[in-house]
>>> print(open('data_36.csv').read())   # CSV, C-alpha atoms
chain,number,residue,atom,x,y,z
A,114,MET,CA,-50.7,16.7,53.3
A,115,LYS,CA,-54.4,16.5,52.4
A,116,SER,CA,-55.8,16.5,49.0
A,117,LYS,CA,-58.6,18.5,47.4
A,118,TYR,CA,-59.9,18.2,43.8
A,119,PHE,CA,-61.4,20.9,41.7
A,120,ALA,CA,-63.2,20.5,38.4
A,121,ILE,CA,-63.0,23.5,36.1
A,122,GLY,CA,-63.9,23.4,32.4
A,123,ASP,CA,-62.5,20.1,31.1
A,124,GLN,CA,-59.8,20.0,33.7
A,125,VAL,CA,-59.6,18.5,37.2
A,126,LEU,CA,-57.0,20.0,39.3
A,127,LEU,CA,-55.4,18.5,42.4
A,128,ILE,CA,-54.3,20.5,45.4
A,129,GLN,CA,-52.2,18.8,48.1
A,130,SER,CA,-51.6,21.0,51.1
A,131,THR,CA,-50.9,21.1,54.8
A,132,HIS,CA,-53.6,23.7,55.0
A,133,PRO,CA,-56.0,22.6,52.2
A,134,ASP,CA,-58.7,25.1,53.2
A,135,SER,CA,-56.3,27.9,52.3
A,136,PHE,CA,-56.2,27.0,48.7
A,137,THR,CA,-59.0,27.1,46.2
A,138,VAL,CA,-59.6,27.3,42.5
A,139,PRO,CA,-61.7,30.3,41.2
A,140,ASP,CA,-64.8,29.2,39.4
A,141,GLY,CA,-63.8,25.6,40.1
A,142,LYS,CA,-66.2,23.0,41.7
A,143,GLU,CA,-64.8,20.9,44.4
A,144,VAL,CA,-65.1,17.2,43.6
A,145,ASP,CA,-64.1,14.0,45.3
A,146,GLU,CA,-61.1,11.8,44.5
A,147,ALA,CA,-63.1,9.4,42.3
A,148,VAL,CA,-63.8,12.2,39.8
A,149,TYR,CA,-60.1,13.1,39.7
A,150,LEU,CA,-59.1,9.5,39.1
A,151,SER,CA,-61.8,9.1,36.5
A,152,HIS,CA,-60.4,12.2,34.8
A,153,LEU,CA,-56.9,10.7,34.7
A,154,ASP,CA,-58.3,7.5,33.3
A,155,LYS,CA,-60.1,9.3,30.6
A,156,LEU,CA,-57.0,11.4,29.9
A,157,ALA,CA,-54.9,8.3,29.5
A,158,GLN,CA,-57.5,6.7,27.2
A,159,LYS,CA,-57.7,9.8,25.0
A,160,ARG,CA,-54.0,9.8,24.7
A,161,VAL,CA,-53.9,6.2,23.6
A,162,GLU,CA,-56.6,6.9,21.0
A,163,HIS,CA,-54.7,10.0,20.0
A,164,ASP,CA,-51.5,8.1,19.6
A,165,ASP,CA,-53.3,5.5,17.4
A,166,GLN,CA,-54.8,8.2,15.2
A,167,GLU,CA,-51.5,10.0,14.9
A,168,SER,CA,-49.7,6.8,14.0
A,169,LYS,CA,-52.2,6.1,11.3
A,170,ARG,CA,-52.1,9.6,10.0
A,171,LEU,CA,-48.3,9.7,10.0
A,172,ASN,CA,-48.1,6.4,8.2
A,173,GLU,CA,-50.4,7.7,5.5
A,174,HIS,CA,-48.4,10.9,5.3
A,175,ARG,CA,-45.2,8.9,5.1
A,176,ASP,CA,-46.5,6.9,2.2
A,177,GLY,CA,-47.5,10.1,0.3
A,178,LYS,CA,-44.1,11.6,1.0
A,179,ARG,CA,-42.4,8.4,-0.3
A,180,LYS,CA,-44.2,8.8,-3.6
A,181,GLU,CA,-43.3,12.5,-3.8
A,182,ALA,CA,-39.7,11.6,-3.1
A,183,GLN,CA,-39.7,8.9,-5.9
A,184,SER,CA,-41.1,11.5,-8.3
A,185,VAL,CA,-38.3,14.0,-7.4
A,186,TYR,CA,-35.7,11.3,-7.8
A,187,ASP,CA,-37.0,10.2,-11.2
A,188,GLU,CA,-37.2,13.8,-12.3
A,189,ALA,CA,-33.7,14.6,-11.1
A,190,LEU,CA,-32.3,11.7,-13.0
A,191,LYS,CA,-34.0,12.8,-16.2
A,192,ILE,CA,-32.3,16.2,-16.1
A,193,GLY,CA,-28.9,14.8,-15.5
A,194,PHE,CA,-28.4,14.6,-11.8
A,195,SER,CA,-26.2,11.8,-10.6
A,196,ASP,CA,-27.8,9.0,-8.8
A,197,SER,CA,-26.4,10.1,-5.5
A,198,ALA,CA,-27.4,13.7,-5.9
A,199,ALA,CA,-30.9,12.6,-7.0
A,200,SER,CA,-31.1,10.4,-4.0
A,201,LEU,CA,-30.2,13.2,-1.7
A,202,LEU,CA,-32.8,15.4,-3.2
A,203,ALA,CA,-35.3,12.7,-2.7
A,204,GLN,CA,-34.3,12.3,0.8
A,205,SER,CA,-34.8,16.0,1.4
A,206,VAL,CA,-38.5,15.4,0.5
A,207,PHE,CA,-38.7,12.4,2.7
A,208,PRO,CA,-35.7,11.5,4.9
A,209,GLY,CA,-36.8,7.9,5.1
A,210,TRP,CA,-37.1,7.4,1.4
A,211,LEU,CA,-34.1,5.2,0.9
A,212,THR,CA,-33.0,4.1,4.3
A,213,LYS,CA,-36.3,4.5,6.2
A,214,ASP,CA,-34.1,5.4,9.1
A,215,ALA,CA,-32.2,8.3,7.6
A,216,SER,CA,-30.1,10.1,10.1
A,217,ASP,CA,-29.2,13.8,10.3
A,218,THR,CA,-25.7,12.7,9.2
A,219,GLN,CA,-27.1,11.9,5.8
A,220,LEU,CA,-29.0,15.1,5.6
A,221,THR,CA,-25.9,17.1,6.3
A,222,LYS,CA,-24.8,16.1,2.7
A,223,LEU,CA,-27.6,18.3,1.3
A,224,PRO,CA,-25.8,21.6,1.4
A,225,ALA,CA,-23.1,20.0,-0.9
A,226,VAL,CA,-25.8,19.3,-3.4
A,227,GLY,CA,-27.0,22.8,-3.0
A,228,LYS,CA,-23.6,24.2,-3.7
A,229,THR,CA,-23.2,21.9,-6.7
A,230,THR,CA,-26.5,22.9,-8.1
A,231,ALA,CA,-25.9,26.6,-7.5
A,232,ALA,CA,-22.5,26.3,-9.2
A,233,ARG,CA,-24.0,24.6,-12.2
A,234,LEU,CA,-26.7,27.2,-12.5
A,235,GLN,CA,-24.3,30.1,-12.0
A,236,ALA,CA,-21.9,28.7,-14.6
A,237,ALA,CA,-24.9,28.6,-17.0
A,238,GLY,CA,-25.4,32.3,-16.7
A,239,TYR,CA,-27.3,32.8,-13.5
A,240,THR,CA,-25.4,35.3,-11.4
A,241,THR,CA,-27.0,34.3,-8.1
A,242,PHE,CA,-28.7,31.3,-6.9
A,243,ALA,CA,-31.5,33.5,-5.7
A,244,SER,CA,-32.3,34.5,-9.3
A,245,VAL,CA,-33.6,31.0,-10.0
A,246,SER,CA,-34.9,29.7,-6.7
A,247,GLY,CA,-36.2,32.8,-5.1
A,248,MET,CA,-34.0,32.1,-2.1
A,249,THR,CA,-30.3,32.6,-1.4
A,250,LEU,CA,-28.1,29.5,-1.3
A,251,ALA,CA,-27.9,29.9,2.5
A,252,GLU,CA,-31.6,30.0,2.8
A,253,TRP,CA,-32.0,27.0,0.6
A,254,GLN,CA,-29.5,25.1,2.7
A,255,GLN,CA,-31.3,26.1,5.8
A,256,PHE,CA,-34.8,25.7,4.6
A,257,GLY,CA,-34.7,23.1,1.9
A,258,SER,CA,-38.2,22.3,0.8
A,259,LYS,CA,-39.8,20.4,-2.0
A,260,ALA,CA,-41.2,23.6,-3.5
A,261,THR,CA,-37.7,25.0,-3.6
A,262,TYR,CA,-36.3,21.9,-5.3
A,263,GLU,CA,-39.1,22.0,-7.8
A,264,LYS,CA,-38.0,25.6,-8.7
A,265,VAL,CA,-34.4,24.4,-9.1
A,266,ILE,CA,-35.4,21.5,-11.2
A,267,GLU,CA,-37.6,23.7,-13.4
A,268,ALA,CA,-34.6,26.1,-13.8
A,269,ALA,CA,-32.3,23.2,-14.6
A,270,LYS,CA,-34.8,21.9,-17.2
A,271,ALA,CA,-34.7,25.3,-18.8
A,272,LEU,CA,-31.0,25.1,-19.1
A,273,SER,CA,-30.9,21.6,-20.6
B,114,MET,CA,-51.4,9.8,40.2
B,115,ALA,CA,-49.5,13.0,41.1
B,116,ILE,CA,-45.8,12.4,41.7
B,117,PHE,CA,-46.0,14.3,45.0
B,118,LYS,CA,-48.7,12.0,46.4
B,119,ASP,CA,-46.6,10.2,48.9
B,120,TYR,CA,-43.9,12.7,49.5
B,121,GLU,CA,-43.5,13.6,53.1
B,122,PHE,CA,-42.7,17.2,53.5
B,123,PRO,CA,-40.4,18.0,56.5
B,124,SER,CA,-41.4,20.7,58.9
B,125,VAL,CA,-40.3,24.1,57.7
B,126,PRO,CA,-37.7,25.7,60.0
B,127,GLY,CA,-37.4,29.4,60.7
B,128,GLY,CA,-41.0,30.2,61.2
B,129,GLY,CA,-40.3,32.0,64.4
B,130,GLY,CA,-43.1,30.0,66.0
B,131,GLY,CA,-45.6,31.5,63.6
B,132,GLY,CA,-46.0,28.4,61.5
B,133,SER,CA,-45.6,27.3,57.9
B,134,PHE,CA,-47.5,25.7,55.1
B,135,VAL,CA,-46.9,23.8,51.9
B,136,SER,CA,-49.1,23.2,49.0
B,137,ILE,CA,-48.8,21.9,45.4
B,138,LEU,CA,-51.2,22.4,42.6
B,139,THR,CA,-51.1,19.6,40.0
B,140,ILE,CA,-52.3,20.4,36.5
B,141,PRO,CA,-52.8,16.9,34.9
B,142,GLY,CA,-52.3,17.9,31.3
B,143,ILE,CA,-54.4,17.3,28.2
B,144,ALA,CA,-54.7,14.7,25.6
B,145,ALA,CA,-54.0,16.8,22.5
B,146,ILE,CA,-54.7,20.0,20.6
B,147,SER,CA,-55.3,19.0,17.1
B,148,PRO,CA,-54.4,20.5,14.7
B,149,PHE,CA,-51.9,22.7,16.4
B,150,PRO,CA,-52.4,26.4,15.7
B,151,ALA,CA,-50.4,28.2,13.0
B,152,VAL,CA,-50.6,31.5,14.8
B,153,ASN,CA,-49.5,32.7,18.3
B,154,ILE,CA,-51.9,31.6,21.0
B,155,PRO,CA,-51.2,33.1,24.4
B,156,ASN,CA,-52.4,30.8,27.2
B,157,ILE,CA,-53.0,27.8,25.0
B,158,TYR,CA,-53.1,25.8,28.2
B,159,GLY,CA,-52.6,26.3,31.9
B,160,GLY,CA,-54.0,26.2,35.4
B,161,GLN,CA,-54.3,28.4,38.5
B,162,PHE,CA,-55.3,28.5,42.1
B,163,VAL,CA,-55.7,31.0,44.9
B,164,VAL,CA,-53.5,30.9,48.0
B,165,THR,CA,-54.7,32.4,51.2
B,166,ASN,CA,-52.2,32.8,54.0
B,167,PRO,CA,-53.6,30.6,56.8
B,168,LEU,CA,-51.2,32.1,59.3
B,169,SER,CA,-51.8,35.0,61.7
B,170,THR,CA,-48.7,36.8,60.6
B,171,PRO,CA,-47.3,37.8,57.1
B,172,ALA,CA,-45.7,34.9,55.4
B,173,ASN,CA,-42.7,34.6,53.1
B,174,LEU,CA,-43.8,32.6,50.1
B,175,LEU,CA,-41.4,30.6,47.9
B,176,ILE,CA,-43.2,29.6,44.8
B,177,HIS,CA,-41.9,27.1,42.2
B,178,TYR,CA,-43.5,27.0,38.8
B,179,ILE,CA,-42.6,23.5,37.5
B,180,PHE,CA,-43.3,23.4,33.7
B,181,GLY,CA,-44.0,20.1,32.1
B,182,GLU,CA,-43.4,18.4,28.9
B,183,ALA,CA,-45.2,18.9,25.6
B,184,LEU,CA,-45.2,16.4,22.8
B,185,LEU,CA,-45.4,17.7,19.2
B,186,THR,CA,-46.3,15.6,16.3
B,187,MET,CA,-46.1,17.1,12.8
B,188,ASP,CA,-46.1,16.2,9.2
B,189,ASN,CA,-44.0,18.8,7.5
B,190,ALA,CA,-41.3,21.4,8.0
B,191,VAL,CA,-41.7,23.5,11.1
B,192,TYR,CA,-39.7,26.7,11.6
B,193,ASN,CA,-39.2,28.6,14.7
B,194,LEU,CA,-42.0,27.1,16.8
B,195,ALA,CA,-41.8,27.4,20.6
B,196,MET,CA,-43.6,26.4,23.7
B,197,ARG,CA,-43.2,29.2,26.2
B,198,GLY,CA,-43.8,28.8,29.9
B,199,VAL,CA,-45.4,31.7,31.7
B,200,ALA,CA,-45.5,32.2,35.5
B,201,ARG,CA,-48.1,34.7,36.7
B,202,VAL,CA,-49.0,36.3,40.0
B,203,ASN,CA,-52.4,38.1,40.2
B,204,GLY,CA,-52.6,38.2,36.5
B,205,SER,CA,-49.1,39.7,36.0
B,206,THR,CA,-46.3,37.7,34.4
B,207,VAL,CA,-43.4,37.4,36.8
B,208,ASN,CA,-40.9,35.4,34.8
B,209,ALA,CA,-39.2,36.3,31.5
B,210,PRO,CA,-41.1,33.9,29.2
B,211,ALA,CA,-38.5,34.1,26.5
B,212,ASP,CA,-36.1,32.5,29.0
B,213,HIS,CA,-38.5,29.6,29.6
B,214,ASP,CA,-38.9,28.9,26.0
B,215,ARG,CA,-38.1,25.6,24.2
B,216,ARG,CA,-37.9,26.4,20.5
B,217,PHE,CA,-38.1,23.9,17.7
B,218,GLN,CA,-37.1,23.9,14.1
B,219,ARG,CA,-37.2,21.1,11.6
B,220,GLN,CA,-35.8,22.4,8.4
B,221,ILE,CA,-36.3,19.3,6.2
B,222,ALA,CA,-39.8,18.3,5.3
B,223,GLY,CA,-40.8,15.0,6.8
B,224,ASN,CA,-42.8,13.6,9.6
B,225,ASP,CA,-41.6,13.5,13.1
B,226,ARG,CA,-42.3,13.7,16.8
B,227,PHE,CA,-40.7,16.2,19.0
B,228,SER,CA,-40.8,16.4,22.7
B,229,PHE,CA,-40.5,19.7,24.4
B,230,THR,CA,-39.0,17.8,27.3
B,231,ASN,CA,-38.5,20.0,30.3
B,232,VAL,CA,-39.9,22.7,28.2
B,233,THR,CA,-39.0,25.5,30.5
B,234,ALA,CA,-37.7,23.7,33.5
B,235,GLU,CA,-38.5,25.5,36.7
B,236,TYR,CA,-39.1,29.1,37.7
B,237,PRO,CA,-38.7,30.1,41.4
B,238,HIS,CA,-40.5,33.2,42.7
B,239,SER,CA,-40.9,34.7,46.1
B,240,LEU,CA,-43.3,37.3,47.7
B,241,VAL,CA,-44.7,38.3,51.0
B,242,LEU,CA,-48.3,37.5,51.7
B,243,PRO,CA,-50.0,39.4,54.5
B,244,ALA,CA,-51.9,37.6,57.2
B,245,ALA,CA,-55.1,36.3,55.7
B,246,GLY,CA,-54.1,37.8,52.4
B,247,SER,CA,-54.7,36.0,49.1
B,248,VAL,CA,-52.8,35.7,45.8
B,249,THR,CA,-53.6,34.0,42.5
B,250,LEU,CA,-50.9,31.9,41.1
B,251,ARG,CA,-51.1,30.7,37.5
B,252,LEU,CA,-48.9,28.6,35.2
B,253,GLN,CA,-49.6,28.7,31.5
B,254,TYR,CA,-48.1,28.0,28.1
B,255,ASP,CA,-48.0,30.4,25.2
B,256,TRP,CA,-47.8,29.0,21.7
B,257,ASN,CA,-45.2,31.1,19.9
B,258,VAL,CA,-44.6,30.4,16.3
B,259,THR,CA,-43.0,32.3,13.3
B,260,VAL,CA,-43.9,29.7,10.6
B,261,ALA,CA,-45.7,26.5,11.2
B,262,ALA,CA,-46.7,25.3,7.8
B,263,ALA,CA,-47.4,21.9,9.2
B,264,VAL,CA,-50.2,19.6,10.1
B,265,GLY,CA,-49.8,18.2,13.6
B,266,THR,CA,-50.9,18.0,17.2
B,267,VAL,CA,-49.5,19.0,20.5
B,268,ARG,CA,-50.0,17.3,23.9
B,269,PHE,CA,-49.2,18.6,27.3
B,270,GLU,CA,-48.1,16.5,30.3
B,271,GLN,CA,-48.4,17.4,33.9
B,272,SER,CA,-47.3,20.8,35.3
B,273,TYR,CA,-47.1,22.0,38.9
B,274,ILE,CA,-47.1,25.0,41.1
B,275,ALA,CA,-45.4,24.3,44.5
B,276,VAL,CA,-45.8,26.8,47.3
B,277,MET,CA,-44.0,26.9,50.6
B,278,GLY,CA,-45.0,29.6,53.2
B,279,VAL,CA,-43.1,30.5,56.3
B,280,ALA,CA,-44.2,33.1,58.9
B,281,GLN,CA,-42.1,36.2,59.0
>>> encode(input="data_36.csv", output="structure tokens")
Amino acid sequence: MKSKYFAIGDQVLLIQSTHPDSFTVPDGKEVDEAVYLSHLDKLAQKRVEHDDQESKRLNEHRDGKRKEAQSVYDEALKIGFSDSAASLLAQSVFPGWLTKDASDTQLTKLPAVGKTTAARLQAAGYTTFASVSGMTLAEWQQFGSKATYEKVIEAAKALS
Amino acid sequence: MAIFKDYEFPSVPGGGGGGSFVSILTIPGIAAISPFPAVNIPNIYGGQFVVTNPLSTPANLLIHYIFGEALLTMDNAVYNLAMRGVARVNGSTVNAPADHDRRFQRQIAGNDRFSFTNVTAEYPHSLVLPAAGSVTLRLQYDWNVTVAAAVGTVRFEQSYIAVMGVAQ
């Protein structure tokens, strides 16, 4: 097996072949191994930089979400949600809000909150959950979002 | 370094004395696409090469498209987002990309990383290449998304096209 290297755009491709002259890259410029190795080094360096940037961005995002979750929790308590239900709502905004390592097991409790909320709203005169949230209960359970919960909370406020 | 660098390929039997050849294209991957697109992007990433039959007789080609890993990092909920592997011969898609499709949904808003590990695994394809005939083989990824209301990036790891030719 012999190796050939081709630069094309911002890529450097490697061809290893028993018949290297039978393989080529259209519009590619053949380069030597050093260029390929340099490309791999730059790629690795960019990935490290990217990981650092992403970690920073995610941490900032996580902090923002934590504040949002706290707001949802406080608001839910004000309108009469139990502490556990309010906590679950908050965790739906940011799964790590309480435990920082929330598992999917915890999140599976959310549909129960949805059902309870839907039942309360329906008992108060709303015939379907969709009438207050803009989504069916199934949709809410499947695609729980902060915006949806805000609608629910607004509806619950109107009932209180 | 490519994982096939030191692999010793055995001689290919059944060549009828006409010979054989083996080749592998390594597509090293990219650092990241940031932010990742919220719309479908065919050929968001890929690579290709041209194979010319070095034998004096037609050759049976066995081609393996080996799709790699993609790493997704996102802030918010992502619905129905997929990395779709596409195998092409002379510009025509030869696999069923929907079968080589790793789909992702995160229903609860939050931040996360998701690895499209073994995105689409491997797709084998065969054809007959005339003596001195050429064919263009391409491996690419299509970004397929229904709703991606998220901020994030996507990174691609190495992919390969492996070709084994045997004289008919």
>>> closest_residue(input="data_36.csv", among="B:Asn257, B:Asn203, B:Thr266, B:Ser169", to="Ile143 (chain B)", atoms="only C-alpha atoms")
B:Thr266
>>> axis_aligned_box(input="data_36.csv", around="region 167-180 of chain B", padding_each_side="8 Å", output="AutoDock Vina command-line options")
--center_x -47.5 --center_y 30.6 --center_z 47.7 --size_x 28.2 --size_y 30.4 --size_z 44.0
>>> residues_around(input="data_36.csv", residues="Ala147 (chain A)", least_positions_apart="4", cutoff="12 Å", atoms="all atoms listed in the file", output="PyMOL selection string")
(chain A and resi 117-120+125+127+143+151-154) or (chain B and resi 114)
>>> residues_around(input="data_36.csv", residues="Arg251 (chain B)", least_positions_apart="5", cutoff="6 Å", atoms="all atoms listed in the file", output="list in words")
Gly160, Gln161 and Arg201 of chain B
>>> closest_residue(input="data_36.csv", among="A:Lys115, A:Arg170, A:Lys142, A:Lys159", to="chain B", atoms="only C-alpha atoms")
A:Lys159
>>> atom_distance(input="data_36.csv", atom1="CA of Val148 (chain A)", atom2="CA of Gln271 (chain B)")
17.3 Å
>>> residues_near_point(input="data_36.csv", point="(-55.0, 35.8, 53.7)", cutoff="12 Å", atoms="all atoms listed in the file", output="compact mmCIF listing (two decimals) with C-alpha atoms, in the coordinates of the input")
# COMPACT_ATOMS: atom_id res chain seq x y z
CA ASP A 134 -58.70 25.10 53.20
CA SER A 135 -56.30 27.90 52.30
CA PHE A 136 -56.20 27.00 48.70
CA VAL B 163 -55.70 31.00 44.90
CA VAL B 164 -53.50 30.90 48.00
CA THR B 165 -54.70 32.40 51.20
CA ASN B 166 -52.20 32.80 54.00
CA PRO B 167 -53.60 30.60 56.80
CA LEU B 168 -51.20 32.10 59.30
CA SER B 169 -51.80 35.00 61.70
CA THR B 170 -48.70 36.80 60.60
CA PRO B 171 -47.30 37.80 57.10
CA ALA B 172 -45.70 34.90 55.40
CA VAL B 241 -44.70 38.30 51.00
CA LEU B 242 -48.30 37.50 51.70
CA PRO B 243 -50.00 39.40 54.50
CA ALA B 244 -51.90 37.60 57.20
CA ALA B 245 -55.10 36.30 55.70
CA GLY B 246 -54.10 37.80 52.40
CA SER B 247 -54.70 36.00 49.10
CA VAL B 248 -52.80 35.70 45.80
CA THR B 249 -53.60 34.00 42.50
CA GLY B 278 -45.00 29.60 53.20
>>> closest_residue(input="data_36.csv", among="B:Phe269, B:His177, B:Leu185, B:Gln281", to="Leu156 (chain A)", atoms="all atoms listed in the file")
B:Phe269
>>> atom_distance(input="data_36.csv", atom1="CA of Val138 (chain A)", atom2="CA of Lys155 (chain A)")
21.6 Å
>>> closest_residue(input="data_36.csv", among="A:Val144, A:Ala199, A:Ala182, A:Leu126", to="chain B", atoms="all atoms listed in the file")
A:Leu126
>>> residues_near_point(input="data_36.csv", point="(-51.1, 23.4, 22.3)", cutoff="12 Å", atoms="only C-alpha atoms", output="number ranges by chain")
B: 142-159, 182-186, 194-198, 229, 253-258, 265-270
>>> atom_distance(input="data_36.csv", atom1="CA of Lys180 (chain A)", atom2="CA of Phe194 (chain A)")
18.7 Å
>>> closest_residue(input="data_36.csv", among="B:Val202, B:Leu240, B:Pro141, B:Gly132", to="chain A", atoms="only C-alpha atoms")
B:Pro141
>>> closest_residue(input="data_36.csv", among="A:Ser130, A:Gln124, A:Ser184, A:Ser116", to="chain B", atoms="all atoms listed in the file")
A:Ser130
>>> build_atoms(input="data_36.csv", residues="region 123-150 of chain A", atoms="N, CA and C atoms", output="PDB file, in the frame of the given file")
ATOM      1  N   ASP A 123     -62.780  21.534  31.305  1.00  0.00           N
ATOM      2  CA  ASP A 123     -62.500  20.100  31.100  1.00  0.00           C
ATOM      3  C   ASP A 123     -61.290  19.649  31.858  1.00  0.00           C
ATOM      4  N   GLN A 124     -60.948  20.411  32.887  1.00  0.00           N
ATOM      5  CA  GLN A 124     -59.800  20.000  33.700  1.00  0.00           C
ATOM      6  C   GLN A 124     -60.285  19.586  35.105  1.00  0.00           C
ATOM      7  N   VAL A 125     -59.476  18.746  35.727  1.00  0.00           N
ATOM      8  CA  VAL A 125     -59.600  18.500  37.200  1.00  0.00           C
ATOM      9  C   VAL A 125     -58.276  18.691  37.794  1.00  0.00           C
ATOM     10  N   LEU A 126     -58.219  19.645  38.712  1.00  0.00           N
ATOM     11  CA  LEU A 126     -57.000  20.000  39.300  1.00  0.00           C
ATOM     12  C   LEU A 126     -56.854  19.392  40.715  1.00  0.00           C
ATOM     13  N   LEU A 127     -55.649  19.060  41.082  1.00  0.00           N
ATOM     14  CA  LEU A 127     -55.400  18.500  42.400  1.00  0.00           C
ATOM     15  C   LEU A 127     -54.589  19.475  43.233  1.00  0.00           C
ATOM     16  N   ILE A 128     -55.049  19.724  44.468  1.00  0.00           N
ATOM     17  CA  ILE A 128     -54.300  20.500  45.400  1.00  0.00           C
ATOM     18  C   ILE A 128     -53.956  19.660  46.609  1.00  0.00           C
ATOM     19  N   GLN A 129     -52.664  19.556  46.876  1.00  0.00           N
ATOM     20  CA  GLN A 129     -52.200  18.800  48.100  1.00  0.00           C
ATOM     21  C   GLN A 129     -51.612  19.873  49.008  1.00  0.00           C
ATOM     22  N   SER A 130     -52.063  19.869  50.254  1.00  0.00           N
ATOM     23  CA  SER A 130     -51.600  21.000  51.100  1.00  0.00           C
ATOM     24  C   SER A 130     -51.674  20.559  52.596  1.00  0.00           C
ATOM     25  N   THR A 131     -50.808  21.234  53.331  1.00  0.00           N
ATOM     26  CA  THR A 131     -50.900  21.100  54.800  1.00  0.00           C
ATOM     27  C   THR A 131     -52.050  21.892  55.342  1.00  0.00           C
ATOM     28  N   HIS A 132     -52.486  22.875  54.578  1.00  0.00           N
ATOM     29  CA  HIS A 132     -53.600  23.700  55.000  1.00  0.00           C
ATOM     30  C   HIS A 132     -54.607  23.749  53.769  1.00  0.00           C
ATOM     31  N   PRO A 133     -55.265  22.648  53.470  1.00  0.00           N
ATOM     32  CA  PRO A 133     -56.000  22.600  52.200  1.00  0.00           C
ATOM     33  C   PRO A 133     -57.148  23.618  52.114  1.00  0.00           C
ATOM     34  N   ASP A 134     -57.648  24.098  53.245  1.00  0.00           N
ATOM     35  CA  ASP A 134     -58.700  25.100  53.200  1.00  0.00           C
ATOM     36  C   ASP A 134     -58.202  26.469  52.753  1.00  0.00           C
ATOM     37  N   SER A 135     -56.873  26.606  52.713  1.00  0.00           N
ATOM     38  CA  SER A 135     -56.300  27.900  52.300  1.00  0.00           C
ATOM     39  C   SER A 135     -56.042  28.013  50.848  1.00  0.00           C
ATOM     40  N   PHE A 136     -56.430  26.993  50.116  1.00  0.00           N
ATOM     41  CA  PHE A 136     -56.200  27.000  48.700  1.00  0.00           C
ATOM     42  C   PHE A 136     -57.498  26.663  47.961  1.00  0.00           C
ATOM     43  N   THR A 137     -57.772  27.418  46.936  1.00  0.00           N
ATOM     44  CA  THR A 137     -59.000  27.100  46.200  1.00  0.00           C
ATOM     45  C   THR A 137     -58.770  27.474  44.711  1.00  0.00           C
ATOM     46  N   VAL A 138     -59.700  27.048  43.902  1.00  0.00           N
ATOM     47  CA  VAL A 138     -59.600  27.300  42.500  1.00  0.00           C
ATOM     48  C   VAL A 138     -60.822  28.173  42.077  1.00  0.00           C
ATOM     49  N   PRO A 139     -60.563  29.397  41.622  1.00  0.00           N
ATOM     50  CA  PRO A 139     -61.700  30.300  41.200  1.00  0.00           C
ATOM     51  C   PRO A 139     -62.553  29.630  40.175  1.00  0.00           C
ATOM     52  N   ASP A 140     -63.835  29.718  40.366  1.00  0.00           N
ATOM     53  CA  ASP A 140     -64.800  29.200  39.400  1.00  0.00           C
ATOM     54  C   ASP A 140     -64.741  27.632  39.333  1.00  0.00           C
ATOM     55  N   GLY A 141     -63.901  27.027  40.156  1.00  0.00           N
ATOM     56  CA  GLY A 141     -63.800  25.600  40.100  1.00  0.00           C
ATOM     57  C   GLY A 141     -64.826  24.955  41.102  1.00  0.00           C
ATOM     58  N   LYS A 142     -65.247  23.754  40.783  1.00  0.00           N
ATOM     59  CA  LYS A 142     -66.200  23.000  41.700  1.00  0.00           C
ATOM     60  C   LYS A 142     -65.439  21.925  42.353  1.00  0.00           C
ATOM     61  N   GLU A 143     -65.515  21.920  43.673  1.00  0.00           N
ATOM     62  CA  GLU A 143     -64.800  20.900  44.400  1.00  0.00           C
ATOM     63  C   GLU A 143     -65.457  19.528  44.158  1.00  0.00           C
ATOM     64  N   VAL A 144     -64.633  18.548  43.862  1.00  0.00           N
ATOM     65  CA  VAL A 144     -65.100  17.200  43.600  1.00  0.00           C
ATOM     66  C   VAL A 144     -64.341  16.211  44.434  1.00  0.00           C
ATOM     67  N   ASP A 145     -64.789  14.970  44.442  1.00  0.00           N
ATOM     68  CA  ASP A 145     -64.100  14.000  45.300  1.00  0.00           C
ATOM     69  C   ASP A 145     -62.991  13.286  44.430  1.00  0.00           C
ATOM     70  N   GLU A 146     -62.225  12.459  45.109  1.00  0.00           N
ATOM     71  CA  GLU A 146     -61.100  11.800  44.500  1.00  0.00           C
ATOM     72  C   GLU A 146     -61.472  10.960  43.286  1.00  0.00           C
ATOM     73  N   ALA A 147     -62.645  10.331  43.388  1.00  0.00           N
ATOM     74  CA  ALA A 147     -63.100   9.400  42.300  1.00  0.00           C
ATOM     75  C   ALA A 147     -63.192  10.200  40.981  1.00  0.00           C
ATOM     76  N   VAL A 148     -63.664  11.435  41.070  1.00  0.00           N
ATOM     77  CA  VAL A 148     -63.800  12.200  39.800  1.00  0.00           C
ATOM     78  C   VAL A 148     -62.411  12.527  39.262  1.00  0.00           C
ATOM     79  N   TYR A 149     -61.467  12.834  40.147  1.00  0.00           N
ATOM     80  CA  TYR A 149     -60.100  13.100  39.700  1.00  0.00           C
ATOM     81  C   TYR A 149     -59.496  11.867  39.028  1.00  0.00           C
ATOM     82  N   LEU A 150     -59.651  10.722  39.683  1.00  0.00           N
ATOM     83  CA  LEU A 150     -59.100   9.500  39.100  1.00  0.00           C
ATOM     84  C   LEU A 150     -59.755   9.128  37.809  1.00  0.00           C
TER      85      LEU A 150
END
